$ cat input-v1.cif   # mmCIF, C-alpha atoms
data_input
loop_
_atom_site.label_atom_id
_atom_site.label_comp_id
_atom_site.auth_asym_id
_atom_site.auth_seq_id
_atom_site.Cartn_x
_atom_site.Cartn_y
_atom_site.Cartn_z
CA MET A 69 1.68 49.54 1.31
CA SER A 70 4.37 47.51 3.13
CA ASP A 71 3.94 43.81 3.80
CA ASN A 72 3.58 44.34 7.57
CA ARG A 73 0.88 46.98 7.15
CA ARG A 74 -0.92 44.80 4.63
CA MET A 75 -0.89 41.82 6.99
CA THR A 76 -2.09 44.07 9.88
CA SER A 77 -4.98 45.32 7.76
CA ILE A 78 -5.98 41.80 6.80
CA ALA A 79 -5.73 40.65 10.42
CA ARG A 80 -7.92 43.57 11.53
CA ARG A 81 -10.65 42.74 9.01
CA ILE A 82 -10.63 39.06 9.94
CA ASN A 83 -10.72 39.88 13.66
CA ARG A 84 -13.62 42.30 13.13
CA GLY A 85 -15.60 39.52 11.49
CA PHE A 86 -14.87 37.19 14.41
CA PHE A 87 -15.85 39.92 16.89
CA LEU A 88 -19.19 40.56 15.21
CA ARG A 89 -19.92 36.87 15.20
CA ILE A 90 -19.24 36.67 18.95
CA PHE A 91 -21.36 39.80 19.56
CA TRP A 92 -24.42 38.43 17.76
CA THR A 93 -23.94 35.08 19.44
CA ILE A 94 -24.03 36.75 22.88
CA LEU A 95 -27.21 38.65 21.93
CA LEU A 96 -28.87 35.44 20.80
CA VAL A 97 -27.85 33.63 23.98
CA ASN A 98 -29.20 36.52 26.10
CA ALA A 99 -32.54 36.44 24.27
CA LEU A 100 -32.84 32.68 24.71
CA ALA A 101 -31.89 32.91 28.38
CA ILE A 102 -34.48 35.66 29.08
CA GLY A 103 -37.15 33.72 27.23
CA LEU A 104 -36.38 30.52 29.16
CA VAL A 105 -36.42 32.35 32.51
CA ILE A 106 -39.81 33.97 31.77
CA ALA A 107 -41.28 30.69 30.48
CA GLY A 108 -40.04 28.87 33.57
CA TRP A 109 -41.52 31.51 35.86
CA CYS A 110 -44.89 31.35 34.09
CA TYR A 111 -44.96 27.56 34.25
CA THR A 112 -44.17 27.65 37.97
CA ALA A 113 -46.98 30.15 38.60
CA GLU A 114 -49.52 28.10 36.59
CA HIS A 115 -48.53 24.83 38.20
CA ALA A 116 -48.75 26.36 41.70
CA ALA A 117 -52.30 27.53 40.98
CA LEU A 118 -53.67 24.58 39.02
CA GLY A 119 -51.63 21.66 40.31
CA ALA A 120 -52.47 18.41 38.53
CA ASN A 121 -55.11 20.15 36.38
CA TRP A 122 -52.48 22.14 34.47
CA LYS A 123 -52.66 21.93 30.70
CA PRO A 124 -50.45 23.60 28.13
CA ASN A 125 -53.32 24.97 26.00
CA ILE A 126 -54.79 27.54 28.39
CA ALA A 127 -55.39 31.25 27.65
CA ARG A 128 -52.57 33.59 28.73
CA HIS A 129 -51.72 37.29 28.43
CA VAL A 130 -49.70 40.04 30.17
CA THR A 131 -50.84 43.53 31.12
CA TRP A 132 -48.96 46.58 32.43
CA GLU A 133 -49.66 50.24 33.08
CA GLU A 134 -49.25 52.52 30.11
CA GLY A 135 -47.37 55.85 30.15
CA LEU A 136 -44.62 54.72 32.49
CA PRO A 137 -40.90 54.41 31.76
CA LEU A 138 -39.78 50.95 30.62
CA PRO A 139 -38.36 49.85 34.01
CA GLU A 140 -41.52 50.92 35.85
CA LYS A 141 -43.71 49.42 33.16
CA LEU A 142 -41.98 46.06 33.60
CA ARG A 143 -42.35 46.23 37.41
CA SER A 144 -46.13 46.86 36.97
CA ALA A 145 -46.61 43.85 34.68
CA THR A 146 -49.20 41.22 35.62
CA TYR A 147 -49.45 37.72 34.18
CA HIS A 148 -53.04 36.47 33.50
CA PHE A 149 -54.22 32.94 32.63
CA GLU A 150 -57.59 31.14 32.66
CA PHE A 151 -58.64 27.58 33.30
CA GLN A 152 -62.22 26.41 32.59
CA GLY A 153 -63.47 30.03 32.69
CA GLU A 154 -61.87 30.81 36.04
CA PRO A 155 -59.26 33.65 35.81
CA TYR A 156 -55.90 33.66 37.59
CA GLN A 157 -53.21 36.30 37.82
CA LYS A 158 -49.67 36.69 39.15
CA GLU A 159 -47.65 39.85 39.66
CA MET A 160 -44.45 39.85 37.56
CA GLY A 161 -42.85 42.83 39.27
CA THR A 162 -40.56 40.71 41.45
CA LEU A 163 -39.31 38.81 38.41
CA PHE A 164 -38.51 41.90 36.33
CA ASP A 165 -37.16 43.76 39.33
CA ALA A 166 -34.64 40.97 39.99
CA GLY A 167 -33.77 40.94 36.30
CA LEU A 168 -33.17 44.68 36.19
CA ARG A 169 -30.85 44.41 39.20
CA VAL A 170 -28.82 41.60 37.59
CA LEU A 171 -28.79 43.20 34.12
CA PRO A 172 -26.00 45.78 34.68
CA THR A 173 -23.65 43.14 36.12
CA ALA A 174 -24.37 40.73 33.28
CA VAL A 175 -23.97 43.39 30.60
CA GLY A 176 -20.73 44.57 32.22
CA MET A 177 -19.28 41.06 32.21
CA GLU A 178 -20.28 40.53 28.60
CA VAL A 179 -18.65 43.81 27.60
CA ILE A 180 -15.45 42.73 29.33
CA VAL A 181 -15.60 39.40 27.45
CA LEU A 182 -16.08 41.23 24.15
CA VAL A 183 -13.15 43.55 24.80
CA ILE A 184 -10.86 40.68 25.74
CA ALA A 185 -12.01 38.66 22.71
CA TYR A 186 -11.34 41.60 20.40
CA ARG A 187 -7.86 42.30 21.74
CA THR A 188 -6.71 38.67 21.98
CA GLY A 189 -8.34 37.84 18.66
CA LYS A 190 -6.25 40.44 16.91
CA ASN A 191 -2.98 38.87 18.08
CA ARG A 192 -4.26 35.36 17.47
CA THR A 193 -5.24 36.25 13.92
CA ARG A 194 -1.77 37.64 13.25
CA GLN A 195 -0.24 34.40 14.53
CA LEU A 196 -2.52 32.34 12.27
CA LEU A 197 -1.59 34.46 9.27
CA LYS A 198 2.16 34.17 9.85
CA PRO A 199 2.57 30.85 7.93
CA LEU A 200 0.74 32.34 4.95
CA HIS A 201 2.89 35.44 5.22
CA ARG A 202 6.08 33.36 5.25
CA MET A 203 4.77 31.34 2.30
CA ALA A 204 4.13 34.52 0.35
CA GLU A 205 7.60 35.82 1.20
CA THR A 206 9.17 32.54 0.07
CA ALA A 207 7.19 32.56 -3.18
CA GLN A 208 8.24 36.11 -3.82
CA ALA A 209 11.89 35.28 -3.04
CA MET A 210 11.81 32.34 -5.45
CA THR A 211 11.03 34.70 -8.30
CA ASP A 212 14.33 36.46 -7.61
CA PRO A 213 16.95 35.31 -10.17
CA GLN A 214 19.72 35.50 -7.58
CA PHE A 215 17.73 33.25 -5.23
CA LEU A 216 17.25 30.64 -7.96
CA GLU A 217 20.91 30.87 -8.95
CA ARG A 218 22.03 30.18 -5.39
CA LYS A 219 19.74 27.14 -5.21
CA TYR A 220 21.07 25.81 -8.51
CA HIS A 221 24.69 26.26 -7.42
CA SER A 222 23.97 24.54 -4.11
CA LEU A 223 22.39 21.60 -5.94
CA GLU A 224 25.25 21.39 -8.46
CA ASP A 225 27.86 21.37 -5.69
CA ALA A 226 26.03 18.62 -3.82
CA ILE A 227 25.77 16.48 -6.97
CA ALA A 228 29.47 17.02 -7.73
CA ARG A 229 30.38 15.70 -4.27
CA ILE A 230 28.56 12.39 -4.83
CA SER A 231 30.87 9.43 -5.45
CA PRO A 232 29.25 7.07 -7.97
CA ASP A 233 31.37 4.15 -6.72
CA SER A 234 30.02 4.39 -3.19
CA PRO A 235 26.85 2.35 -2.54
CA ASP A 236 25.96 4.67 0.36
CA ALA A 237 26.31 7.89 -1.65
CA ARG A 238 23.52 10.34 -0.89
CA LEU A 239 22.67 13.81 -2.10
CA SER A 240 22.64 16.40 0.69
CA THR A 241 22.49 20.15 0.21
CA GLY A 242 21.43 21.15 3.72
CA ASP A 243 18.71 23.31 2.15
CA ARG A 244 15.22 22.72 3.51
CA ASP A 245 13.65 23.95 0.28
CA LEU A 246 15.43 21.19 -1.67
CA LEU A 247 14.62 18.39 0.78
CA GLY A 248 11.91 16.85 -1.41
CA LEU A 249 14.20 16.86 -4.45
CA GLU A 250 17.00 15.31 -2.38
CA GLU A 251 14.77 12.44 -1.25
CA ALA A 252 13.61 11.75 -4.81
CA ILE A 253 17.19 11.69 -6.16
CA ASN A 254 18.46 9.54 -3.27
CA SER A 255 15.64 7.05 -3.82
CA LEU A 256 16.45 6.92 -7.53
CA MET A 257 20.16 6.34 -6.84
CA ALA A 258 19.36 3.56 -4.37
CA ARG A 259 17.19 1.77 -6.95
CA MET A 260 19.83 2.24 -9.66
CA HIS A 261 22.57 0.84 -7.42
CA GLU A 262 20.40 -2.13 -6.49
CA ALA A 263 19.62 -2.80 -10.16
CA TYR A 264 23.32 -2.48 -11.02
CA GLN A 265 24.25 -5.01 -8.32
CA GLU A 266 21.59 -7.44 -9.53
CA GLN A 267 22.76 -7.05 -13.11
CA ALA A 268 26.39 -7.60 -12.12
CA ARG A 269 25.47 -10.69 -10.11
CA PHE A 270 23.34 -12.00 -12.99
CA VAL A 271 26.19 -11.56 -15.50
CA SER A 272 28.65 -13.18 -13.10
CA ASP A 273 26.36 -16.16 -12.48
CA ALA A 274 25.61 -16.55 -16.20
CA SER A 275 29.33 -16.43 -17.02
CA HIS A 276 30.03 -19.04 -14.35
CA GLU A 277 27.32 -21.33 -15.67
CA LEU A 278 28.59 -21.04 -19.25
CA ARG A 279 32.26 -21.42 -18.31
CA THR A 280 31.84 -25.01 -17.08
CA PRO A 281 30.31 -26.53 -20.26
CA ILE A 282 32.69 -24.54 -22.44
CA ALA A 283 35.67 -25.84 -20.46
CA VAL A 284 34.38 -29.41 -20.75
CA ILE A 285 33.85 -29.07 -24.51
CA GLN A 286 37.29 -27.52 -24.97
CA GLY A 287 38.92 -30.26 -22.87
CA TYR A 288 37.38 -33.12 -24.83
CA ALA A 289 38.01 -31.33 -28.14
CA GLY A 290 41.68 -30.94 -27.20
CA MET A 291 41.90 -34.58 -26.19
CA LEU A 292 40.38 -35.64 -29.51
CA THR A 293 42.78 -33.40 -31.39
CA ARG A 294 45.85 -34.87 -29.68
CA TRP A 295 45.22 -38.61 -29.66
CA GLY A 296 41.56 -39.45 -29.03
CA LYS A 297 40.53 -39.84 -32.69
CA ASP A 298 42.13 -43.28 -32.91
CA ASP A 299 40.67 -44.56 -29.60
CA GLU A 300 37.07 -45.60 -30.14
CA LYS A 301 36.23 -45.61 -26.42
CA ILE A 302 37.61 -42.10 -25.87
CA LEU A 303 35.92 -40.95 -29.08
CA GLU A 304 32.50 -42.14 -27.91
CA GLU A 305 33.02 -40.67 -24.42
CA SER A 306 34.08 -37.33 -25.89
CA ILE A 307 31.14 -37.16 -28.31
CA ALA A 308 28.68 -37.99 -25.50
CA ALA A 309 30.20 -35.38 -23.15
CA ILE A 310 30.30 -32.69 -25.83
CA LYS A 311 26.71 -33.46 -26.80
CA SER A 312 25.55 -33.36 -23.15
CA GLU A 313 27.34 -30.12 -22.34
CA SER A 314 26.20 -28.43 -25.56
CA GLU A 315 22.60 -29.39 -24.79
CA HIS A 316 23.00 -28.00 -21.28
CA MET A 317 24.49 -24.80 -22.68
CA GLN A 318 21.69 -24.52 -25.27
CA LYS A 319 19.08 -24.90 -22.54
CA LEU A 320 20.80 -22.26 -20.42
CA VAL A 321 21.02 -19.80 -23.32
CA GLU A 322 17.36 -20.32 -24.21
CA GLN A 323 16.31 -19.67 -20.61
CA LEU A 324 18.51 -16.57 -20.45
CA LEU A 325 16.92 -15.28 -23.66
CA PHE A 326 13.45 -15.97 -22.25
CA LEU A 327 14.17 -13.94 -19.12
CA ALA A 328 15.90 -11.18 -21.10
CA ARG A 329 12.90 -10.81 -23.42
CA GLY A 330 10.61 -10.81 -20.40
CA ASP A 331 12.65 -8.12 -18.63
CA VAL A 332 12.38 -5.73 -21.59
CA GLY A 333 8.69 -6.49 -22.18
CA ARG A 334 9.15 -8.43 -25.42
CA GLN A 335 7.77 -11.73 -24.15
CA GLN A 336 4.16 -11.66 -25.31
CA LEU A 337 1.37 -13.49 -23.47
CA THR A 338 -2.07 -14.28 -24.89
CA PHE A 339 -4.75 -14.36 -22.21
CA ALA A 340 -7.88 -16.45 -22.67
CA PRO A 341 -10.20 -18.59 -20.52
CA VAL A 342 -8.49 -21.87 -19.54
CA ASP A 343 -9.41 -24.93 -17.53
CA LEU A 344 -6.59 -25.73 -15.11
CA SER A 345 -7.89 -29.25 -14.57
CA GLU A 346 -7.71 -29.98 -18.29
CA PHE A 347 -4.08 -29.11 -18.82
CA MET A 348 -3.06 -30.63 -15.46
CA ARG A 349 -4.48 -33.88 -16.85
CA ASP A 350 -2.40 -33.34 -20.00
CA VAL A 351 0.77 -32.80 -17.94
CA TYR A 352 -0.05 -35.87 -15.84
CA GLU A 353 -0.46 -38.07 -18.94
CA GLU A 354 2.79 -36.74 -20.46
CA TYR A 355 4.93 -37.48 -17.41
CA ALA A 356 3.23 -40.79 -16.65
CA MET A 357 4.31 -41.85 -20.15
CA ILE A 358 7.88 -40.47 -20.27
CA ASP A 359 8.84 -40.99 -16.60
CA GLN A 360 7.85 -44.36 -15.24
CA GLN A 361 10.34 -44.25 -12.36
CA HIS A 362 7.92 -42.26 -10.16
CA ALA A 363 4.37 -42.93 -8.97
CA TRP A 364 2.31 -40.18 -10.59
CA ARG A 365 -0.97 -39.16 -9.01
CA LEU A 366 -3.67 -36.74 -10.21
CA GLN A 367 -6.23 -34.96 -8.03
CA ALA A 368 -8.20 -32.63 -10.29
CA ASP A 369 -11.60 -31.03 -9.76
CA ASP A 370 -14.08 -31.38 -12.58
CA HIS A 371 -13.66 -27.78 -13.72
CA VAL A 372 -11.22 -25.11 -12.49
CA PRO A 373 -11.79 -21.97 -14.60
CA ALA A 374 -9.09 -19.33 -14.86
CA VAL A 375 -7.79 -16.73 -17.28
CA GLY A 376 -4.26 -16.89 -18.64
CA ASP A 377 -1.85 -17.99 -21.33
CA ALA A 378 -2.28 -21.77 -21.44
CA ALA A 379 1.14 -22.44 -23.02
CA MET A 380 2.97 -20.28 -20.47
CA LEU A 381 1.09 -21.78 -17.53
CA LYS A 382 1.82 -25.28 -18.79
CA GLN A 383 5.51 -24.33 -19.05
CA ALA A 384 5.49 -23.16 -15.43
CA VAL A 385 3.83 -26.42 -14.32
CA ARG A 386 6.39 -28.48 -16.26
CA ILE A 387 9.19 -26.63 -14.47
CA LEU A 388 7.66 -27.49 -11.09
CA VAL A 389 7.11 -31.11 -12.14
CA ASP A 390 10.70 -31.43 -13.46
CA ASN A 391 12.04 -30.17 -10.14
CA ALA A 392 9.82 -32.60 -8.23
CA ALA A 393 11.08 -35.49 -10.35
CA LYS A 394 14.76 -34.46 -10.03
CA TYR A 395 14.72 -34.34 -6.27
CA SER A 396 12.56 -37.42 -5.66
CA SER A 397 13.84 -40.97 -5.42
CA PRO A 398 12.59 -43.61 -7.88
CA GLY A 399 9.24 -44.96 -6.78
CA ASP A 400 8.33 -41.86 -4.76
CA PRO A 401 4.85 -40.45 -5.42
CA ILE A 402 4.42 -37.08 -7.15
CA THR A 403 0.94 -35.53 -6.91
CA LEU A 404 -0.54 -33.02 -9.37
CA ARG A 405 -3.59 -31.11 -8.16
CA SER A 406 -6.00 -28.51 -9.51
CA TYR A 407 -8.75 -27.11 -7.33
CA VAL A 408 -10.75 -24.04 -6.33
CA THR A 409 -10.35 -22.68 -2.79
CA ARG A 410 -13.23 -21.72 -0.52
CA ASP A 411 -12.72 -18.13 -1.63
CA GLY A 412 -13.15 -19.15 -5.27
CA ILE A 413 -9.44 -18.81 -6.15
CA PRO A 414 -8.23 -21.24 -8.86
CA CYS A 415 -5.05 -23.06 -7.86
CA LEU A 416 -2.76 -25.80 -9.08
CA ALA A 417 -0.17 -27.67 -7.00
CA VAL A 418 2.77 -30.02 -7.39
CA GLN A 419 3.74 -32.09 -4.35
CA ASP A 420 6.58 -34.57 -3.89
CA ASN A 421 8.16 -36.64 -1.12
CA GLY A 422 11.70 -35.76 -2.14
CA THR A 423 14.70 -34.19 -0.43
CA GLY A 424 12.86 -31.00 0.51
CA ILE A 425 14.22 -27.47 0.90
CA ALA A 426 15.85 -25.93 3.96
CA SER A 427 13.65 -23.32 5.64
CA GLY A 428 16.30 -20.63 5.18
CA ASP A 429 16.43 -21.28 1.44
CA ILE A 430 12.68 -21.08 0.74
CA PRO A 431 12.49 -17.26 0.37
CA ARG A 432 15.34 -17.36 -2.21
CA ILE A 433 14.43 -20.32 -4.41
CA PHE A 434 12.99 -18.00 -7.08
CA GLU A 435 16.19 -15.97 -7.45
CA ARG A 436 18.11 -16.49 -10.68
CA PHE A 437 20.96 -19.04 -10.40
CA TYR A 438 20.31 -19.53 -6.71
CA ARG A 439 21.26 -23.04 -5.53
CA SER A 440 21.02 -24.70 -2.17
CA ASP A 441 23.13 -27.75 -1.53
CA PRO A 442 22.35 -30.53 -1.93
CA ALA A 443 18.81 -29.83 -3.16
CA ARG A 444 19.83 -27.86 -6.25
CA ALA A 445 23.29 -29.10 -7.13
CA ARG A 446 24.39 -28.92 -10.75
CA HIS A 447 24.71 -32.69 -11.11
CA THR A 448 20.90 -32.87 -11.39
CA GLY A 449 21.15 -31.11 -14.75
CA GLY A 450 19.45 -27.89 -13.73
CA THR A 451 20.50 -24.39 -14.68
CA GLY A 452 19.16 -22.52 -11.66
CA LEU A 453 16.73 -20.56 -13.86
CA GLY A 454 13.66 -22.79 -13.96
CA LEU A 455 11.88 -21.42 -10.90
CA SER A 456 12.80 -17.87 -11.95
CA ILE A 457 11.01 -18.46 -15.25
CA ALA A 458 8.02 -19.98 -13.44
CA LYS A 459 7.84 -16.97 -11.15
CA TRP A 460 8.03 -14.57 -14.09
CA ILE A 461 5.09 -16.37 -15.73
CA VAL A 462 2.99 -16.40 -12.54
CA ASP A 463 3.79 -12.75 -11.83
CA ARG A 464 2.55 -11.76 -15.29
CA HIS A 465 -0.70 -13.56 -14.50
CA ASN A 466 -1.03 -11.53 -11.26
CA GLY A 467 -0.76 -14.77 -9.32
CA TYR A 468 1.38 -15.89 -6.40
CA PHE A 469 3.18 -18.93 -5.00
CA ASP A 470 2.57 -20.79 -1.75
CA VAL A 471 5.61 -22.92 -0.83
CA VAL A 472 5.65 -25.51 1.97
CA SER A 473 8.68 -27.75 2.43
CA ARG A 474 10.68 -29.73 4.96
CA GLU A 475 13.99 -31.44 4.46
CA GLY A 476 13.64 -35.20 4.11
CA VAL A 477 9.84 -34.97 3.95
CA GLY A 478 9.07 -33.24 0.66
CA THR A 479 7.86 -30.05 -0.99
CA ARG A 480 4.50 -28.67 -2.06
CA ILE A 481 4.39 -25.67 -4.39
CA VAL A 482 0.98 -24.11 -5.05
CA VAL A 483 0.26 -21.56 -7.79
CA CYS A 484 -2.82 -19.38 -7.22
CA LEU A 485 -4.27 -17.21 -9.99
CA PRO A 486 -6.77 -14.31 -9.97
CA VAL A 487 -10.45 -15.19 -9.90
CA THR A 488 -11.35 -15.43 -13.60
CA GLU A 489 -10.23 -11.87 -14.36
CA MET A 490 -8.16 -10.72 -17.28
CA PRO A 491 -4.77 -9.57 -15.94
CA ASP A 492 -3.60 -6.06 -16.64
CA SER A 493 -1.14 -5.35 -19.41
CA PRO A 494 2.29 -6.91 -18.71
CA ALA A 495 3.90 -5.13 -15.81
CA MET A 496 7.45 -3.87 -15.66
CA PRO A 497 10.01 -6.44 -14.50
CA VAL A 498 10.34 -6.90 -10.77
CA ALA A 499 13.53 -7.86 -8.96
CA GLU A 500 13.56 -11.64 -8.59
CA GLY A 501 12.71 -13.10 -5.22
CA LYS A 502 11.02 -9.95 -3.86
CA GLN A 503 7.35 -10.60 -4.48
CA VAL A 504 6.95 -14.27 -3.66
CA GLU A 505 3.83 -14.23 -1.53
CA PRO A 506 2.91 -15.92 0.59
CA VAL A 507 5.99 -18.13 1.22
CA LYS A 508 5.39 -20.02 4.40
CA ASP A 509 7.94 -21.33 6.87
CA ALA A 510 8.91 -24.95 6.54
CA THR A 511 6.15 -27.13 7.93
CA PRO A 512 5.26 -30.79 7.39
CA VAL A 513 3.88 -31.55 3.96
#

$ encode --input "input-v1.cif" --output "C-alpha cells"
Amino acid sequence: MSDNRRMTSIARRINRGFFLRIFWTILLVNALAIGLVIAGWCYTAEHAALGANWKPNIARHVTWEEGLPLPEKLRSATYHFEFQGEPYQKEMGTLFDAGLRVLPTAVGMEVIVLVIAYRTGKNRTRQLLKPLHRMAETAQAMTDPQFLERKYHSLEDAIARISPDSPDARLSTGDRDLLGLEEAINSLMARMHEAYQEQARFVSDASHELRTPIAVIQGYAGMLTRWGKDDEKILEESIAAIKSESEHMQKLVEQLLFLARGDVGRQQLTFAPVDLSEFMRDVYEEYAMIDQQHAWRLQADDHVPAVGDAAMLKQAVRILVDNAAKYSSPGDPITLRSYVTRDGIPCLAVQDNGTGIASGDIPRIFERFYRSDPARARHTGGTGLGLSIAKWIVDRHNGYFDVVSREGVGTRIVVCLPVTEMPDSPAMPVAEGKQVEPVKDATPV
C-alpha cells in the first residue's frame, strides 16, 4: 500500500470515529431536549390547575388509546395527575402534534449537519495528519545512506569554512535539519573564544606584573655588580629593594598558584559549622595589635552561625581588611561587623572611610589584575588578585557580595553566606567578575 493510500485509510478511520461521536451526541441532545419540553409542559399544566398548592410529589401518569399507529397514539395521549384525591387531566395531543410537525425539519437539519461534519472532517483529519506524515517521511529518508552522506558532507564543508582566528566565526550549513547542531557548536565556539581571550589577558597581566619586580631586581643587581659593592649606602638600598620586590613577586606567585589550583578544582575546602562572630573577633584583635594607625571597631552579634571553611573565610576577610587599611588614611575608622539579616542570612562586613571606588569600577573590582586609579595603584603594594581570591572563596561557599562605595566617602563590602546549609561539591570555575551579586550602584556609606 502506498503512503498516500495508507494516510487516506487512517484519515477515514479517524473521521469515522469523530462522526459517530457527533451522531451519538446529537441523539443525546435530542433526548434531553424532548424530555425537558415534556417536563416543562407538564409543570405548566399542573401549575395552571393547582396554582400555589402545587407540590412536586403528586401522582402522575399518561394514557393513550391502544391499537393506533404511533403518531395517532401520541395525539390521543392524556396527562393525568391528582392532588388531595381530586383528579386532573390535560390533553397532550396539541403538544405531540406540534412536535410531529417540527420533527421532520429538525431531523433534516441534523442530517445536513452530519453530512457536512463528515465531509469537512475528512479533509480536516488529513490536514492534521500531514505533520506526522512529513515526520515519517523525514525519518524514512534519514535511514537512506545517501541522505546521511549528503548531511555529513554539508556539515564538513561548513566546518572547513570556519576561520579559527575570527572571533565572529559561526557554523552555518543552511540546512534546517542541522539547525540544532549548528546552535550547539556556535555556542561552544563562543565560550571557547571567550575563555581563550580571558586566558590571554590573564597571561599578559601576570607577565606585566612579574616584569616590573624582575626589572627592578636586575637593575639593582647590575648596579651592585658594577660599583655598588663598595658603597655601603647603595648596598643597603639595593638589598632593601631586592628584598621588597622579591617579597612582592613571591606574594604574586603564591596568589597565582592559589587561583590556578582553584580553577582546576585542586583547591580543597573543608566545610564545618562556624561562628562568624568568633573569627571576626579574632581578625579584629589581630589588626588592632599589628596596625595601630587606624581606629578599629567591632560590631558583632553574640552568635552568627554559618557553614564553611573557617580558614578560607578568614583569608577572604583579611583580604577585605587589608584593602580597607591600604586605602584609608591614618586615624580613619575601620568597622568589622558580623550579623544575621531579617531573613536569617549570616553576613559579615568590612567598612572604611577611605578613598572609595568609582561607580563605574564597582562591577569590575573582582576581575583579576583589574586596577582603578588611584584607588588600586601599584604603589600600595597590591597585586590586583586579592579580591579575585576573596570572590573565589565566597563563590565556593555559594555566597555573594554586596558592595556599596562612594569616592571620598568610603566603601562597605558585605559577604553573605547560605543559611546554615552545607554547600554543594566545589563547582567548576566561573569567569571572574560575572557572578558578583548583588553589586549596588555607588551610594553613600

$ closest_residue --input "input-v1.cif" --among "A:Ile102, A:Ile90, A:Leu196, A:Ala379" --to "Phe339 in chain A" --atoms "only C-alpha atoms"
A:Ala379

$ residues_around --input "input-v1.cif" --residues "Gly467 in chain A" --least-positions-apart "2" --cutoff "6 Å" --atoms "all atoms listed in the file" --output "mmCIF file with C-alpha atoms, in the coordinates of the input"
data_model
loop_
_atom_site.group_PDB
_atom_site.id
_atom_site.type_symbol
_atom_site.label_atom_id
_atom_site.label_comp_id
_atom_site.auth_asym_id
_atom_site.auth_seq_id
_atom_site.Cartn_x
_atom_site.Cartn_y
_atom_site.Cartn_z
ATOM 1 C CA VAL A 462 2.990 -16.400 -12.540
ATOM 2 C CA ASP A 463 3.790 -12.750 -11.830
ATOM 3 C CA HIS A 465 -0.700 -13.560 -14.500
ATOM 4 C CA CYS A 484 -2.820 -19.380 -7.220
ATOM 5 C CA LEU A 485 -4.270 -17.210 -9.990
#

$ resolve_selection --input "input-v1.cif" --expression "the PyMOL selection byres ((chain A and resi 370) around 9)" --output "list in words"
Ser345, Glu346, Ala368, Asp369, His371, Val372 and Tyr407 of chain A

$ resolve_selection --input "input-v1.cif" --expression "the PyMOL selection byres ((chain A and resi 172-180) around 12)" --output "list of chain:residue names"
A:Phe87, A:Ile90, A:Phe91, A:Trp92, A:Thr93, A:Ile94, A:Leu95, A:Val97, A:Asn98, A:Ala101, A:Ala166, A:Gly167, A:Leu168, A:Arg169, A:Val170, A:Leu171, A:Val181, A:Leu182, A:Val183, A:Ile184, A:Ala185, A:Tyr186, A:Arg187

$ atom_distance --input "input-v1.cif" --atom1 "CA of Asn121 in chain A" --atom2 "CA of Tyr147 in chain A"
18.6 Å

$ resolve_selection --input "input-v1.cif" --expression "the PyMOL selection byres ((chain A and resi 165) around 12)" --output "PDB file with C-alpha atoms, in the coordinates of the input"
ATOM      1  CA  LEU A 138     -39.780  50.950  30.620  1.00  0.00           C
ATOM      2  CA  PRO A 139     -38.360  49.850  34.010  1.00  0.00           C
ATOM      3  CA  GLU A 140     -41.520  50.920  35.850  1.00  0.00           C
ATOM      4  CA  LYS A 141     -43.710  49.420  33.160  1.00  0.00           C
ATOM      5  CA  LEU A 142     -41.980  46.060  33.600  1.00  0.00           C
ATOM      6  CA  ARG A 143     -42.350  46.230  37.410  1.00  0.00           C
ATOM      7  CA  SER A 144     -46.130  46.860  36.970  1.00  0.00           C
ATOM      8  CA  ALA A 145     -46.610  43.850  34.680  1.00  0.00           C
ATOM      9  CA  GLU A 159     -47.650  39.850  39.660  1.00  0.00           C
ATOM     10  CA  MET A 160     -44.450  39.850  37.560  1.00  0.00           C
ATOM     11  CA  GLY A 161     -42.850  42.830  39.270  1.00  0.00           C
ATOM     12  CA  THR A 162     -40.560  40.710  41.450  1.00  0.00           C
ATOM     13  CA  LEU A 163     -39.310  38.810  38.410  1.00  0.00           C
ATOM     14  CA  PHE A 164     -38.510  41.900  36.330  1.00  0.00           C
ATOM     15  CA  ALA A 166     -34.640  40.970  39.990  1.00  0.00           C
ATOM     16  CA  GLY A 167     -33.770  40.940  36.300  1.00  0.00           C
ATOM     17  CA  LEU A 168     -33.170  44.680  36.190  1.00  0.00           C
ATOM     18  CA  ARG A 169     -30.850  44.410  39.200  1.00  0.00           C
ATOM     19  CA  VAL A 170     -28.820  41.600  37.590  1.00  0.00           C
ATOM     20  CA  LEU A 171     -28.790  43.200  34.120  1.00  0.00           C
TER      21      LEU A 171
END

$ closest_residue --input "input-v1.cif" --among "A:Thr423, A:Ser406, A:Ser473, A:Ser77" --to "Asp343 in chain A" --atoms "only C-alpha atoms"
A:Ser406

$ residues_near_point --input "input-v1.cif" --point "(-2.2, -19.2, -21.4)" --cutoff "12 Å" --atoms "all atoms listed in the file" --output "ChimeraX atom specification"
/A:336-344,347,374-385,461-462,464-465,485,490-491

$ residues_around --input "input-v1.cif" --residues "Tyr288 in chain A" --least-positions-apart "6" --cutoff "8 Å" --atoms "all atoms listed in the file" --output "list of chain:residue names"
A:Ser306, A:Ala309, A:Ile310

$ residues_near_point --input "input-v1.cif" --point "(-6.0, 40.6, 12.8)" --cutoff "10 Å" --atoms "all atoms listed in the file" --output "number ranges by chain"
A: 75-86, 186-197

$ residues_around --input "input-v1.cif" --residues "Asn421 in chain A" --least-positions-apart "6" --cutoff "9 Å" --atoms "all atoms listed in the file" --output "list in words"
Ala392, Tyr395, Ser396, Ser397, Asp400, Pro401, Ile402, Gly476, Val477, Gly478, Thr479, Arg480 and Val513 of chain A
